[in-house]
Every structure is written in structure tokens, then in C-alpha cells.
file structure-v3.cif (mmCIF, C-alpha atoms)
data_work
#
loop_
_atom_site.label_atom_id
_atom_site.label_comp_id
_atom_site.auth_asym_id
_atom_site.auth_seq_id
_atom_site.Cartn_x
_atom_site.Cartn_y
_atom_site.Cartn_z
CA MET A 1 2.82 30.24 14.10
CA ALA A 2 -0.36 28.31 14.73
CA GLU A 3 -0.80 24.95 13.05
CA LYS A 4 -3.09 24.74 10.03
CA ASN A 5 -6.71 23.94 10.75
CA TYR A 6 -8.55 21.07 9.08
CA TYR A 7 -9.82 23.22 6.23
CA ASP A 8 -6.27 24.36 5.46
CA ILE A 9 -5.03 20.76 5.56
CA LEU A 10 -7.59 19.68 2.95
CA GLY A 11 -7.20 22.91 0.97
CA VAL A 12 -10.89 23.86 1.03
CA LYS A 13 -12.83 26.92 2.18
CA LYS A 14 -14.82 26.86 5.43
CA ASP A 15 -18.09 26.97 3.48
CA ALA A 16 -17.08 24.08 1.21
CA SER A 17 -19.82 21.55 0.45
CA ASP A 18 -19.61 17.91 1.56
CA ALA A 19 -19.05 16.91 -2.06
CA ASP A 20 -16.15 19.36 -2.45
CA ILE A 21 -14.53 18.11 0.76
CA LYS A 22 -14.86 14.48 -0.35
CA LYS A 23 -13.48 15.27 -3.80
CA LYS A 24 -10.48 17.10 -2.37
CA TYR A 25 -9.85 14.33 0.17
CA ARG A 26 -9.75 11.65 -2.54
CA LYS A 27 -7.34 13.74 -4.60
CA LEU A 28 -4.98 14.19 -1.63
CA VAL A 29 -5.09 10.48 -0.75
CA ARG A 30 -4.11 9.56 -4.30
CA GLN A 31 -1.25 12.08 -4.09
CA TYR A 32 0.16 11.28 -0.65
CA HIS A 33 -0.66 7.62 0.00
CA PRO A 34 2.59 5.82 0.99
CA ASP A 35 2.05 3.26 -1.78
CA VAL A 36 2.39 5.92 -4.48
CA SER A 37 4.20 8.84 -2.86
CA SER A 38 8.00 8.95 -2.57
CA ALA A 39 7.91 11.74 0.02
CA PRO A 40 9.67 10.71 3.26
CA ASP A 41 6.85 12.16 5.37
CA SER A 42 3.98 10.62 3.39
CA ASP A 43 2.84 8.53 6.40
CA VAL A 44 2.56 11.66 8.55
CA LYS A 45 0.87 13.61 5.75
CA ILE A 46 -1.76 10.95 5.03
CA ALA A 47 -2.53 10.61 8.76
CA GLU A 48 -3.04 14.37 8.94
CA ILE A 49 -5.34 14.30 5.92
CA ASN A 50 -7.39 11.37 7.28
CA ASN A 51 -7.73 13.08 10.65
CA ALA A 52 -9.06 16.27 9.06
CA TYR A 53 -11.48 14.42 6.79
CA GLU A 54 -12.89 12.22 9.58
CA THR A 55 -14.04 15.40 11.37
CA LEU A 56 -15.25 17.48 8.41
CA ARG A 57 -17.18 14.64 6.76
CA ASP A 58 -19.41 14.25 9.85
CA LYS A 59 -22.12 16.91 10.12
CA ASP A 60 -22.17 17.05 13.92
CA LYS A 61 -18.40 16.93 14.35
CA ARG A 62 -17.95 19.62 11.73
CA ALA A 63 -20.46 21.89 13.43
CA GLU A 64 -18.72 21.43 16.77
CA TYR A 65 -15.34 22.04 15.17
CA ASP A 66 -16.60 25.22 13.44
CA ALA A 67 -17.91 26.46 16.78
CA MET A 68 -14.49 25.99 18.35
CA LEU A 69 -12.77 27.80 15.48
CA ALA A 70 -15.15 30.71 15.96
CA ASN A 71 -14.53 30.83 19.72
CA PRO A 72 -10.85 30.14 20.41
CA PHE A 73 -9.38 30.57 23.88
CA VAL A 74 -8.49 34.20 24.55
CA GLY A 75 -5.41 35.18 26.53
CA ARG A 76 -5.67 37.46 29.61
CA SER A 77 -6.58 41.06 28.90
CA GLY A 78 -3.66 43.40 28.36
CA GLN A 79 -1.37 40.69 26.95
CA GLY A 80 -2.34 41.19 23.30
CA GLY A 81 -3.26 38.53 20.74
CA GLN A 82 -5.12 35.27 21.25
CA GLY A 83 -4.22 31.67 21.84
CA GLY A 84 -6.03 28.45 21.07
CA PHE A 85 -6.54 27.72 17.39
CA GLY A 86 -5.55 31.10 16.02
CA GLY A 87 -2.92 32.40 18.44
CA GLN A 88 0.55 31.54 19.56
CA ALA A 89 0.93 29.24 22.53
CA GLY A 90 3.87 31.24 23.68
CA GLY A 91 3.14 32.34 27.24
CA GLU A 92 2.80 35.76 28.88
CA GLN A 93 4.57 37.98 26.35
CA GLN A 94 2.80 36.52 23.29
CA GLY A 95 -0.68 36.64 24.80
CA GLY A 96 -1.32 33.03 23.71
CA PHE A 97 -2.89 30.08 25.46
CA ARG A 98 -1.71 29.52 29.07
CA TRP A 99 -2.55 26.68 31.43
CA GLU A 100 -3.42 29.31 34.05
CA ASP A 101 -6.26 30.54 31.83
CA MET A 102 -7.58 27.00 31.45
CA ARG A 103 -7.34 26.45 35.20
CA ASP A 104 -9.34 29.59 35.85
CA GLN A 105 -12.16 28.27 33.69
CA PHE A 106 -12.38 24.96 35.52
CA GLY A 107 -11.70 26.06 39.09
CA GLU A 108 -8.67 26.51 41.32
CA GLY A 109 -6.66 23.63 42.65
CA GLU A 110 -3.73 21.42 41.75
CA ALA A 111 -3.95 19.32 38.61
CA TYR A 112 -5.61 15.93 39.30
CA GLY A 113 -6.03 16.81 42.94
CA GLY A 114 -8.62 18.23 45.31
CA GLY A 115 -11.43 18.38 42.77
CA GLY A 116 -9.71 21.22 40.88
CA PHE A 117 -8.45 21.48 37.33
CA ARG A 118 -8.09 18.13 35.51
CA PHE A 119 -7.20 17.16 31.93
CA ASP A 120 -10.42 15.12 31.81
CA ASP A 121 -12.40 18.34 32.34
CA ILE A 122 -10.89 19.70 29.13
CA PHE A 123 -11.98 16.68 27.12
CA SER A 124 -15.46 16.34 28.60
CA ALA A 125 -16.17 20.03 28.09
CA PHE A 126 -16.02 19.60 24.32
CA GLY A 127 -18.24 16.62 23.58
CA SER A 128 -16.94 13.09 23.22
CA GLY A 129 -13.74 13.92 25.07
CA GLY A 130 -11.70 11.15 23.45
CA ALA A 131 -8.21 12.34 22.68
CA ARG A 132 -6.57 10.20 20.09
CA GLY A 133 -3.13 8.74 20.74
CA GLN A 134 -0.87 6.85 18.39
CA ALA A 135 -3.14 3.82 18.19
CA GLY A 136 -6.49 5.55 18.58
CA GLY A 137 -6.64 5.42 22.37
CA ARG A 138 -6.74 8.18 24.92
CA SER A 139 -3.74 10.46 25.38
CA GLN A 140 -3.21 13.75 27.10
CA GLN A 141 -1.82 15.44 24.00
CA GLY A 142 -4.51 14.67 21.43
CA GLY A 143 -7.74 16.50 22.33
CA PHE A 144 -7.14 19.57 20.19
CA ASP A 145 -3.99 18.51 18.36
CA GLN A 146 -2.16 20.26 21.20
CA PHE A 147 -4.46 23.28 20.76
CA GLY A 148 -3.15 24.04 17.32
CA GLY A 149 -5.15 22.25 14.64
CA GLY A 150 -8.59 21.69 16.11
CA PHE A 151 -10.80 18.88 17.32
CA SER A 152 -9.57 15.28 17.02
CA SER A 153 -12.26 12.60 16.88
CA HIS A 154 -12.07 9.56 19.18
CA ASP A 155 -13.58 7.43 16.41
CA SER A 156 -11.00 6.88 13.70
CA LYS A 157 -10.40 4.44 10.86
CA GLY A 158 -7.86 1.69 11.49
CA GLN A 159 -4.52 1.70 9.73
CA ASP A 160 -4.09 -0.03 6.38
CA GLN A 161 -1.96 -3.17 6.51
CA HIS A 162 0.47 -4.44 3.86
CA ALA A 163 1.73 -7.96 3.16
CA GLU A 164 3.19 -10.00 0.30
CA ILE A 165 1.68 -13.13 -1.21
CA ASN A 166 3.42 -15.69 -3.45
CA VAL A 167 1.31 -16.73 -6.43
CA ASP A 168 2.22 -19.46 -8.90
CA LEU A 169 2.44 -18.34 -12.53
CA ALA A 170 -0.10 -21.00 -13.55
CA SER A 171 -2.64 -19.38 -11.20
CA VAL A 172 -2.10 -16.04 -12.90
CA TYR A 173 -3.00 -17.56 -16.28
CA SER A 174 -6.28 -19.05 -15.05
CA GLY A 175 -7.20 -17.16 -11.88
CA ASP A 176 -7.33 -19.13 -8.64
CA ASP A 177 -8.45 -19.22 -5.01
CA TYR A 178 -5.83 -18.91 -2.27
CA SER A 179 -5.98 -19.12 1.52
CA ILE A 180 -3.51 -17.20 3.62
CA LYS A 181 -2.94 -16.92 7.35
CA LEU A 182 -2.02 -13.57 8.86
CA ASN A 183 -1.32 -12.30 12.36
CA VAL A 184 -3.35 -9.10 12.34
CA PRO A 185 -4.28 -6.42 14.90
CA VAL A 186 -7.95 -6.80 15.84
CA ARG A 187 -8.69 -4.06 18.37
CA GLN A 188 -7.23 -1.03 20.07
CA ILE A 189 -7.61 -0.38 23.80
CA ASN A 190 -5.91 2.58 25.50
CA GLY A 191 -3.36 2.70 22.73
CA ASP A 192 -2.56 -1.02 22.92
CA VAL A 193 -3.12 -3.38 20.00
CA SER A 194 -3.98 -7.05 20.38
CA TYR A 195 -3.26 -9.58 17.65
CA ASP A 196 -5.06 -12.63 16.36
CA ASN A 197 -4.50 -15.25 13.66
CA LYS A 198 -6.85 -14.88 10.73
CA THR A 199 -7.34 -17.10 7.67
CA LEU A 200 -8.45 -15.26 4.56
CA LYS A 201 -9.67 -16.71 1.28
CA ILE A 202 -8.48 -14.67 -1.67
CA LYS A 203 -9.44 -14.68 -5.31
CA ILE A 204 -6.36 -14.22 -7.48
CA PRO A 205 -7.50 -12.18 -10.50
CA LYS A 206 -6.72 -13.73 -13.86
CA GLY A 207 -3.95 -11.80 -15.61
CA ILE A 208 -2.54 -9.98 -12.58
CA THR A 209 1.12 -9.07 -13.07
CA ASP A 210 4.09 -9.19 -10.72
CA GLY A 211 4.17 -6.41 -8.11
CA LYS A 212 0.49 -5.48 -8.40
CA GLN A 213 -1.63 -5.26 -5.25
CA ILE A 214 -4.88 -6.90 -4.22
CA ARG A 215 -6.99 -4.74 -1.90
CA LEU A 216 -9.16 -6.41 0.73
CA ALA A 217 -11.50 -3.79 2.17
CA GLY A 218 -11.95 -3.84 5.94
CA GLN A 219 -9.29 -6.51 6.56
CA GLY A 220 -6.68 -4.14 7.98
CA ALA A 221 -6.23 -2.90 11.55
CA ALA A 222 -9.35 -2.37 13.65
CA GLY A 223 -10.55 1.19 13.99
CA ALA A 224 -10.78 3.06 17.28
CA GLY A 225 -14.24 3.38 18.82
CA SER A 226 -16.78 2.99 16.07
CA GLY A 227 -14.28 3.78 13.33
CA LYS A 228 -14.07 1.47 10.33
CA ASN A 229 -11.33 -1.10 9.91
CA GLY A 230 -8.44 -0.29 7.63
CA ASP A 231 -7.79 -2.17 4.39
CA LEU A 232 -5.34 -4.97 3.67
CA PHE A 233 -3.09 -4.61 0.61
CA LEU A 234 -1.44 -7.80 -0.67
CA LYS A 235 1.50 -7.32 -3.03
CA VAL A 236 1.63 -10.16 -5.55
CA LYS A 237 4.96 -11.93 -6.10
CA ILE A 238 4.70 -14.41 -8.98
CA THR A 239 6.72 -17.60 -8.56
CA HIS A 240 7.88 -19.64 -11.57
CA ALA A 241 10.48 -22.10 -12.84
CA SER A 242 14.12 -21.02 -13.11
CA ASN A 243 14.01 -21.08 -16.93
CA ILE A 244 11.33 -18.37 -16.97
CA ARG A 245 11.53 -14.62 -16.47
CA LEU A 246 8.82 -11.97 -16.57
CA GLU A 247 8.72 -8.50 -18.03
CA GLY A 248 5.31 -7.06 -17.28
CA ALA A 249 2.82 -9.30 -19.07
CA ASN A 250 5.48 -10.79 -21.37
CA VAL A 251 6.92 -14.20 -20.49
CA TYR A 252 10.39 -15.37 -21.56
CA GLN A 253 11.13 -19.11 -21.39
CA THR A 254 14.36 -20.90 -22.26
CA VAL A 255 13.84 -24.11 -24.31
CA ASN A 256 16.58 -26.66 -25.00
CA ILE A 257 16.81 -28.24 -28.46
CA THR A 258 19.19 -30.82 -30.00
CA PRO A 259 21.75 -30.02 -32.70
CA TRP A 260 19.78 -31.95 -35.33
CA GLU A 261 16.54 -30.14 -34.41
CA ALA A 262 18.37 -26.85 -34.84
CA ALA A 263 19.92 -27.94 -38.15
CA LEU A 264 17.01 -29.76 -39.74
CA GLY A 265 14.11 -27.90 -38.16
CA GLY A 266 10.82 -29.56 -37.32
CA LYS A 267 7.95 -29.50 -34.87
CA ILE A 268 8.40 -30.08 -31.15
CA ASN A 269 6.03 -29.96 -28.15
CA VAL A 270 6.92 -27.50 -25.37
CA THR A 271 5.38 -27.28 -21.90
CA THR A 272 4.70 -23.59 -21.19
CA PRO A 273 2.64 -21.60 -18.65
CA ALA A 274 0.01 -21.34 -21.39
CA GLY A 275 -0.13 -25.14 -21.70
CA THR A 276 1.62 -27.68 -23.94
CA LEU A 277 2.15 -26.04 -27.30
CA GLY A 278 3.33 -27.38 -30.67
CA VAL A 279 6.21 -25.23 -31.92
CA THR A 280 7.95 -25.32 -35.29
CA ILE A 281 11.73 -24.93 -35.21
CA PRO A 282 13.10 -23.24 -38.35
CA LYS A 283 16.01 -24.91 -40.21
CA ASN A 284 19.50 -23.73 -39.28
CA THR A 285 18.31 -22.18 -36.03
CA LYS A 286 21.07 -20.55 -34.00
CA SER A 287 21.39 -20.92 -30.26
CA GLY A 288 19.80 -17.91 -28.52
CA SER A 289 17.16 -17.36 -31.18
CA ASN A 290 13.69 -16.29 -29.98
CA LEU A 291 10.34 -17.61 -31.16
CA ARG A 292 7.49 -15.19 -30.41
CA LEU A 293 4.09 -16.69 -29.63
CA LYS A 294 1.71 -13.75 -29.78
CA GLY A 295 -0.93 -13.54 -27.07
CA LYS A 296 0.48 -16.48 -25.09
CA GLY A 297 1.90 -14.35 -22.29
CA ILE A 298 0.05 -13.31 -19.12
CA PRO A 299 -3.62 -12.64 -20.01
CA ALA A 300 -3.62 -9.14 -18.52
CA LYS A 301 -5.79 -6.27 -19.74
CA GLU A 302 -3.17 -5.87 -22.46
CA VAL A 303 -2.28 -9.50 -23.15
CA GLY A 304 1.43 -10.28 -23.21
CA ASP A 305 3.43 -12.49 -25.55
CA LEU A 306 5.42 -15.66 -24.88
CA TYR A 307 9.01 -15.69 -26.10
CA LEU A 308 10.82 -19.03 -26.40
CA THR A 309 14.59 -18.64 -26.30
CA LEU A 310 16.11 -21.65 -28.08
CA THR A 311 19.33 -23.08 -26.67
CA ILE A 312 21.20 -25.85 -28.51
CA VAL A 313 22.29 -28.57 -26.10
CA ASN A 314 24.72 -31.32 -27.15
CA PRO A 315 23.93 -34.74 -25.70
CA LYS A 316 26.70 -36.63 -23.92
CA VAL A 317 28.72 -38.99 -26.11
CA ILE A 318 29.08 -42.31 -24.28
CA THR A 319 28.70 -45.39 -26.47
CA ASP A 320 30.83 -46.44 -29.43
CA ALA A 321 27.85 -45.97 -31.73
CA GLU A 322 27.46 -42.37 -30.57
CA ILE A 323 31.16 -41.70 -31.09
CA ALA A 324 30.93 -43.17 -34.59
CA ALA A 325 27.92 -40.99 -35.38
CA TYR A 326 29.85 -37.85 -34.46
CA GLU A 327 32.83 -39.01 -36.53
CA GLN A 328 30.56 -39.34 -39.55
CA LEU A 329 29.12 -35.89 -38.77
CA LYS A 330 32.62 -34.47 -38.63
CA GLN A 331 33.51 -35.94 -42.00
CA ALA A 332 30.26 -34.77 -43.55
CA PHE A 333 31.02 -31.16 -42.60
CA ALA A 334 34.77 -31.30 -43.16
CA ASN A 335 34.65 -28.44 -45.68
CA SER A 336 32.45 -26.19 -43.50
CA THR A 337 33.98 -23.18 -41.78
CA ILE A 338 32.84 -21.63 -38.56
CA GLN A 339 33.61 -18.07 -37.52
CA ARG A 340 35.23 -18.19 -34.10
#

call {"tool": "encode", "arguments": {"input": "structure-v3.cif", "output": "C-alpha cells"}}
result
Amino acid sequence: MAEKNYYDILGVKKDASDADIKKKYRKLVRQYHPDVSSAPDSDVKIAEINNAYETLRDKDKRAEYDAMLANPFVGRSGQGGQGGFGGQAGGEQQGGFRWEDMRDQFGEGEAYGGGGFRFDDIFSAFGSGGARGQAGGRSQQGGFDQFGGGFSSHDSKGQDQHAEINVDLASVYSGDDYSIKLNVPVRQINGDVSYDNKTLKIKIPKGITDGKQIRLAGQGAAGAGSGKNGDLFLKVKITHASNIRLEGANVYQTVNITPWEAALGGKINVTTPAGTLGVTIPKNTKSGSNLRLKGKGIPAKEVGDLYLTLTIVNPKVITDAEIAAYEQLKQAFANSTIQR
């Protein structure tokens, strides 16, 4: 069966308006983009969708493409059926596209020899003639998507690039400026990509959470021809001290307290990502208890909370005075029982 044409790929009718095509394209990108889709062929699908849209969004390219759909290559008379966009490229018995038919249209002779039939004649006969290869360069298989899906533009948007950036938790609370160095592709020539070192200054949004992405428009791979550059997506990895863990916008921090602070209670100062805060320890606090400080978590759109997990730590007993103090403590609580 013939491959789907560009209208089929986008799921629109041939008389669809520019607005309808754009609307459908955006919907498909949101559905199939590799960042959100779990489908194993999402990369192939999104490339197919982009290829179709790059042709149908351009008035001249769309008109040329429509003309080709209306006038596909016809197999030799008596063979039945048609080749090109609508037929089966199956040879003599199927009546589909055959290289002999193409040769007859461009003159006799051996391919690439004696001024006869050449692949370049195919490309130049249909406008820009640039067949797109894997990296946007020229290839012998790209001119008409192997005569199945239609015209393929030489000008194409560059691929999106993805990287990871480490951001300190303090920067997330306040927002900050970062500079990063990346080795990025800068141009595409005959399918080859050259690389260059680039330093980018990035604004870390206040309140961004772990795993979110920052999009830098036009900082991805260079497009082919006059195509636009792709985008750069930076996945944020928040770094923090070992006594801190994150759950979305909520921050959990372990805080050590002394036995007498746990028993007697009182106010202590704690250094947190939200700054140095005065915290009141309740009397008879148990190890592992949590103090919730509302609104002191990551200042995201929905502000998180800060949870202080209190851990009782016994100081080392070294001097005679310290030993005596513990002996007195033991005697004072001689009648107390502890569930073990």
C-alpha cells in the first residue's frame, strides 16, 4: 500500500485552512513529542509530523505538493493502476512506478552517464530539488519520501537538543543566573554536523522543582538550509545537602537536637534553605518527630512546606564532670520505665 500523504499524517482534509493545519500540528506535537510520549517510535512519529507540517504551512510548497498529488506518475499503458503517490511501487505486474518510466521522461542513457537519466534531473524537475537526508543534507532517497509520501522540503528545522543542569537548592528559592558550556551542533552540510563550544547564560526561574525543564528557543541544532534552529531543553536537577530530601515543592530536612532540648523544649535557630529560622521545640519531643513550617518549602506556583525531622543526638561522655552529670540523670529517672 502507498504511504500516507502529508494531509493523512496530520489528519486534516486537503482543503483544510492554515489555521486548522496549525491547530492539528500543535495537538500532535503535544501528543507525540518524545518528552511526553512513551511510545517507542515517538522520535520517528514526530519527525514525520514535522516534515508534513513544514511543507503544508508554506503556501508555495503546499501548492507545489498539491500539484504533485493531482498528477502522480502513471505506469505504462496496459499494466493497470498507477504508481507515484497513489499507486504501488511494485513493478510490471502491479502497474506502479518503474525506473524505466522515469528514464523515458528524462531521456535514454545509463544513469549518471552520457548525459542521460540522472537522479539530479528528478530533483531539479520539481523545484528546489533538495532531498533531505538524516541530517538535512542531500540524499538520493529523500526527494519524494521514496515516492510514497510526497514532497520533502530541503529547508527543515534543526533537531531539539536535551541536556541536564545542576542547580543549587538556594538558587531555586531566590532565582539565579547560571552560565553553562555546551558542545552543540552548529550547522549541517551534506548530512554532516559540525560542533562548537557555546556558553549560555540562563535564568533559573524562582520556584522551579526537580525534574522540570527550561526551554531555550533556537539554541538547539542548526536547521538545514534556511530552516530555523531547534530548541534546547535543560532538565533541572536540584542539588542539596545530604540531610535534605525533596518531594515536589515540599522540603524535608533532618535536624539534630540534644536530649535536654527534647525533654525540656525551647527555642532553637535552624539553618534551612529558606534562611535561618527560629523554631520552638515542644517538651517531651520524641526522636523522628516532624515540625511543619507552612509555606517555607520551594516557592513554586503552589508553594511547598518545610518539614523538620527532629533527631535526638546524645553527646559523647568524656570528662568526669560529664559522667557525673549522667549518673545524676540516671538517679533522677530511676523510677521511670521505657518500653523496649

call {"tool": "resolve_selection", "arguments": {"input": "structure-v3.cif", "expression": "the PyMOL selection byres ((chain A and resi 223) around 6)", "output": "tab-separated table (two decimals) with C-alpha atoms, keeping the file's coordinate frame"}}
result
chain	number	residue	atom	x	y	z
A	156	SER	CA	-11.00	6.88	13.70
A	157	LYS	CA	-10.40	4.44	10.86
A	158	GLY	CA	-7.86	1.69	11.49
A	222	ALA	CA	-9.35	-2.37	13.65
A	224	ALA	CA	-10.78	3.06	17.28
A	227	GLY	CA	-14.28	3.78	13.33
A	228	LYS	CA	-14.07	1.47	10.33
A	229	ASN	CA	-11.33	-1.10	9.91

call {"tool": "closest_residue", "arguments": {"input": "structure-v3.cif", "among": "A:Ile312, A:Ile204, A:Ile165, A:Ile49", "to": "Val255 in chain A", "atoms": "all atoms listed in the file"}}
result
A:Ile312

call {"tool": "closest_residue", "arguments": {"input": "structure-v3.cif", "among": "A:Gly248, A:Pro299, A:Gly230, A:Gly218", "to": "Pro273 in chain A", "atoms": "only C-alpha atoms"}}
result
A:Pro299

call {"tool": "atom_distance", "arguments": {"input": "structure-v3.cif", "atom1": "CA of Ser336 in chain A", "atom2": "CA of Pro282 in chain A"}}
result
20.2 Å

call {"tool": "resolve_selection", "arguments": {"input": "structure-v3.cif", "expression": "the PyMOL selection byres ((chain A and resi 170-177) around 10)", "output": "list in words"}}
result
Val167, Asp168, Leu169, Tyr178, Ser179, Lys201, Ile202, Lys203, Ile204, Pro205, Lys206, Gly207, Ile208, Thr209, Asp210, Ile238, Thr239, His240, Thr272, Pro273, Ala274, Gly275, Lys296, Gly297, Ile298, Pro299 and Ala300 of chain A

call {"tool": "residues_around", "arguments": {"input": "structure-v3.cif", "residues": "His33 in chain A", "least_positions_apart": "5", "cutoff": "9 Å", "atoms": "only C-alpha atoms", "output": "VMD selection string"}}
result
chain A and resid 28 42 to 43 45 to 46

call {"tool": "atom_distance", "arguments": {"input": "structure-v3.cif", "atom1": "CA of Glu322 in chain A", "atom2": "CA of Ile281 in chain A"}}
result
23.9 Å

call {"tool": "residues_around", "arguments": {"input": "structure-v3.cif", "residues": "Arg215 in chain A", "least_positions_apart": "2", "cutoff": "8 Å", "atoms": "only C-alpha atoms", "output": "ChimeraX atom specification"}}
result
/A:213,217,231-234

call {"tool": "closest_residue", "arguments": {"input": "structure-v3.cif", "among": "A:Asn166, A:Ser37, A:Thr276, A:Asn250", "to": "Gly295 in chain A", "atoms": "only C-alpha atoms"}}
result
A:Asn250

call {"tool": "resolve_selection", "arguments": {"input": "structure-v3.cif", "expression": "the PyMOL selection byres ((chain A and resi 6) around 8)", "output": "VMD selection string"}}
result
chain A and resid 4 to 5 7 to 10 52 to 53 56 149 to 150

call {"tool": "atom_distance", "arguments": {"input": "structure-v3.cif", "atom1": "CA of Thr254 in chain A", "atom2": "CA of Tyr307 in chain A"}}
result
8.4 Å

call {"tool": "residues_near_point", "arguments": {"input": "structure-v3.cif", "point": "(17.3, -18.1, -26.9)", "cutoff": "7 Å", "atoms": "only C-alpha atoms", "output": "PyMOL selection string"}}
result
chain A and resi 254+287-290+308-311
